[in-house]
Amino acid sequence: MAEFGERELRDALGRFATGVTVVTTMGASGPLGITVNSFASLSLDPPLVLWSPARRSSRFRAFEAATHFAVHVLAEDQRALAVAFASLPWAEGAAWSDGLGGAPLLEGCAARFECFHAARFDGGDHLICVGEVRRLVTADRPPLLFHRGQYCGFDG
């Protein structure tokens, strides 16, 4: 049994700086997005990535059922998108175009991965979603980071 509380665990995990992504899919009512820092590469051959939506999220069911999704690695100047998608199903005024399987694509990111939803695994209070990367785009832009509960860039 753990000898620490949830707050202690969150604080310790917050010491690990992560990139910030917005994952998008097309839901029954239109485009959906969610801010995620649980994104990781999984395999180069085949090209697989993973991310983990929280089961308590109001957007969880749509992402669980999605056949396709897009992962957008946000650039340092896209903090407003990260904040908006952390609480809203779609960021007001966010322009998008259709990607593979209808997944909404945002512009201006440091990288973008268009994925087929290849596998799902139980991850406790989260679901582990594995995507097979079908298309990608990169840009020479500094990434947005998340560290100790705050958004930041490489300069802190």
# chains A, B, ... in the order shown; residues from 1 in each chain; ligands from 1
>>> residues_around(residues="Phe39 of chain A", least_positions_apart="3", cutoff="7 Å", atoms="only C-alpha atoms", output="list in words")
Val36, Leu50 and Trp51 of chain A
>>> write_last_selection(atoms="all heavy atoms", output="PDB file, in the first residue's frame")
ATOM      1  N   VAL A  36      -3.638  17.681 -23.172  1.00  0.00           N
ATOM      2  CA  VAL A  36      -3.056  16.442 -22.653  1.00  0.00           C
ATOM      3  C   VAL A  36      -1.549  16.610 -22.489  1.00  0.00           C
ATOM      4  O   VAL A  36      -0.891  17.145 -23.379  1.00  0.00           O
ATOM      5  CB  VAL A  36      -3.330  15.284 -23.651  1.00  0.00           C
ATOM      6  CG1 VAL A  36      -2.608  14.027 -23.255  1.00  0.00           C
ATOM      7  CG2 VAL A  36      -4.812  15.033 -23.811  1.00  0.00           C
ATOM      8  N   LEU A  50       1.107   7.183 -27.881  1.00  0.00           N
ATOM      9  CA  LEU A  50       0.044   6.943 -26.905  1.00  0.00           C
ATOM     10  C   LEU A  50      -0.279   8.207 -26.140  1.00  0.00           C
ATOM     11  O   LEU A  50       0.527   9.129 -26.051  1.00  0.00           O
ATOM     12  CB  LEU A  50       0.395   5.799 -25.955  1.00  0.00           C
ATOM     13  CG  LEU A  50       1.570   5.942 -24.991  1.00  0.00           C
ATOM     14  CD1 LEU A  50       1.182   6.701 -23.731  1.00  0.00           C
ATOM     15  CD2 LEU A  50       2.082   4.572 -24.611  1.00  0.00           C
ATOM     16  N   TRP A  51      -1.483   8.220 -25.610  1.00  0.00           N
ATOM     17  CA  TRP A  51      -1.932   9.290 -24.722  1.00  0.00           C
ATOM     18  C   TRP A  51      -3.025   8.716 -23.837  1.00  0.00           C
ATOM     19  O   TRP A  51      -3.530   7.627 -24.090  1.00  0.00           O
ATOM     20  CB  TRP A  51      -2.400  10.514 -25.512  1.00  0.00           C
ATOM     21  CG  TRP A  51      -3.678  10.323 -26.252  1.00  0.00           C
ATOM     22  CD1 TRP A  51      -3.870   9.613 -27.401  1.00  0.00           C
ATOM     23  CD2 TRP A  51      -4.958  10.855 -25.893  1.00  0.00           C
ATOM     24  NE1 TRP A  51      -5.187   9.666 -27.787  1.00  0.00           N
ATOM     25  CE2 TRP A  51      -5.885  10.423 -26.879  1.00  0.00           C
ATOM     26  CE3 TRP A  51      -5.402  11.649 -24.844  1.00  0.00           C
ATOM     27  CZ2 TRP A  51      -7.224  10.769 -26.847  1.00  0.00           C
ATOM     28  CZ3 TRP A  51      -6.742  11.992 -24.817  1.00  0.00           C
ATOM     29  CH2 TRP A  51      -7.640  11.558 -25.802  1.00  0.00           C
TER      30      TRP A  51
END
>>> residues_around(residues="Ala62 of chain A", least_positions_apart="5", cutoff="10 Å", atoms="only C-alpha atoms", output="MDAnalysis selection string")
chainID A and resid 25:29 32 67
>>> write_last_selection(atoms="C-alpha atoms", output="compact mmCIF listing (two decimals), in the first residue's frame")
# COMPACT_ATOMS: atom_id res chain seq x y z
CA THR A 25 -11.40 14.08 -32.76
CA MET A 26 -14.78 14.51 -34.41
CA GLY A 27 -17.59 13.83 -31.96
CA ALA A 28 -21.30 13.31 -32.58
CA SER A 29 -21.92 17.03 -31.96
CA LEU A 32 -13.71 18.03 -29.79
CA THR A 67 -11.58 5.70 -34.77
>>> select_by_dssp(residues="segment 5-46 of chain A", states="strand (DSSP E)", output="list of chain:residue names")
A:Thr18, A:Gly19, A:Thr21, A:Val22, A:Val23, A:Thr24, A:Thr25, A:Met26, A:Gly27, A:Gly30, A:Pro31, A:Leu32, A:Gly33, A:Ile34, A:Thr35, A:Val36, A:Ala40, A:Ser41, A:Leu42, A:Ser43
>>> closest_atom_pairs(of="segment 110-146 of chain A", to="segment 80-103 of chain A", cutoff="12 Å", atoms="only C-alpha atoms", output="Markdown table")
| residue | atom | partner | partner_atom | distance |
| --- | --- | --- | --- | --- |
| A:Arg112 | CA | A:Gly99 | CA | 10.7 |
| A:Phe113 | CA | A:Gly99 | CA | 10.0 |
| A:Glu114 | CA | A:Leu100 | CA | 6.5 |
| A:Cys115 | CA | A:Leu100 | CA | 7.6 |
| A:Phe116 | CA | A:Gly101 | CA | 8.0 |
| A:His117 | CA | A:Gly101 | CA | 10.2 |
| A:Glu132 | CA | A:Leu100 | CA | 11.8 |
| A:Val133 | CA | A:Leu100 | CA | 10.5 |
| A:Arg134 | CA | A:Leu100 | CA | 8.3 |
| A:Arg135 | CA | A:Leu100 | CA | 8.4 |
| A:Leu136 | CA | A:Gly99 | CA | 10.8 |
| A:Val137 | CA | A:Gly99 | CA | 11.9 |
| A:Pro143 | CA | A:Ala82 | CA | 11.9 |
| A:Leu144 | CA | A:Ala82 | CA | 9.0 |
| A:Leu145 | CA | A:Ala82 | CA | 10.4 |
| A:Phe146 | CA | A:Ala82 | CA | 10.3 |
>>> residues_around(residues="Arg148 of chain A", least_positions_apart="6", cutoff="8 Å", atoms="only C-alpha atoms", output="MDAnalysis selection string")
chainID A and resid 11 14:17
>>> write_last_selection(atoms="N, CA and C atoms", output="PDB file, in the first residue's frame")
ATOM      1  N   ASP A  11       2.424  16.247  -6.894  1.00  0.00           N
ATOM      2  CA  ASP A  11       3.546  17.170  -6.746  1.00  0.00           C
ATOM      3  C   ASP A  11       4.855  16.549  -7.228  1.00  0.00           C
ATOM      4  N   GLY A  14       4.855  16.340 -10.953  1.00  0.00           N
ATOM      5  CA  GLY A  14       4.994  17.683 -11.508  1.00  0.00           C
ATOM      6  C   GLY A  14       6.427  18.132 -11.661  1.00  0.00           C
ATOM      7  N   ARG A  15       7.356  17.437 -11.048  1.00  0.00           N
ATOM      8  CA  ARG A  15       8.784  17.750 -11.186  1.00  0.00           C
ATOM      9  C   ARG A  15       9.318  17.319 -12.548  1.00  0.00           C
ATOM     10  N   PHE A  16       8.537  16.471 -13.238  1.00  0.00           N
ATOM     11  CA  PHE A  16       8.919  16.008 -14.566  1.00  0.00           C
ATOM     12  C   PHE A  16       8.291  16.939 -15.589  1.00  0.00           C
ATOM     13  N   ALA A  17       9.107  17.699 -16.313  1.00  0.00           N
ATOM     14  CA  ALA A  17       8.590  18.608 -17.338  1.00  0.00           C
ATOM     15  C   ALA A  17       8.082  17.792 -18.523  1.00  0.00           C
TER      16      ALA A  17
END
>>> residues_around(residues="Ala110 of chain A", least_positions_apart="6", cutoff="6 Å", atoms="only C-alpha atoms", output="list in words")
Val73, Leu74, Ala75, Thr138, Ala139 and Arg141 of chain A
>>> write_last_selection(atoms="C-alpha atoms", output="PDB file, in the first residue's frame")
ATOM      1  CA  VAL A  73       2.296  19.343 -30.005  1.00  0.00           C
ATOM      2  CA  LEU A  74       1.690  22.952 -29.059  1.00  0.00           C
ATOM      3  CA  ALA A  75       4.192  25.690 -29.750  1.00  0.00           C
ATOM      4  CA  THR A 138       6.559  19.371 -38.115  1.00  0.00           C
ATOM      5  CA  ALA A 139       7.526  23.036 -37.817  1.00  0.00           C
ATOM      6  CA  ARG A 141       8.829  26.232 -33.448  1.00  0.00           C
TER       7      ARG A 141
END
>>> atom_distance(atom1="atom CA of Ala70 of chain A", atom2="atom CA of Pro104 of chain A")
7.1 Å
>>> closest_residue(among="A:Arg7, A:Gly153, A:Val23, A:Asp77", to="Phe60 of chain A", atoms="only C-alpha atoms")
A:Val23
>>> closest_residue(among="A:Leu13, A:Phe154, A:Gly30, A:Ala119", to="Ala65 of chain A", atoms="only C-alpha atoms")
A:Ala119
>>> closest_residue(among="A:Cys109, A:Val20, A:Ala118, A:Ile34", to="Pro46 of chain A", atoms="only C-alpha atoms")
A:Ala118
>>> closest_residue(among="A:Arg55, A:Gln78, A:Gly108, A:Ser41", to="Tyr151 of chain A", atoms="only C-alpha atoms")
A:Gln78
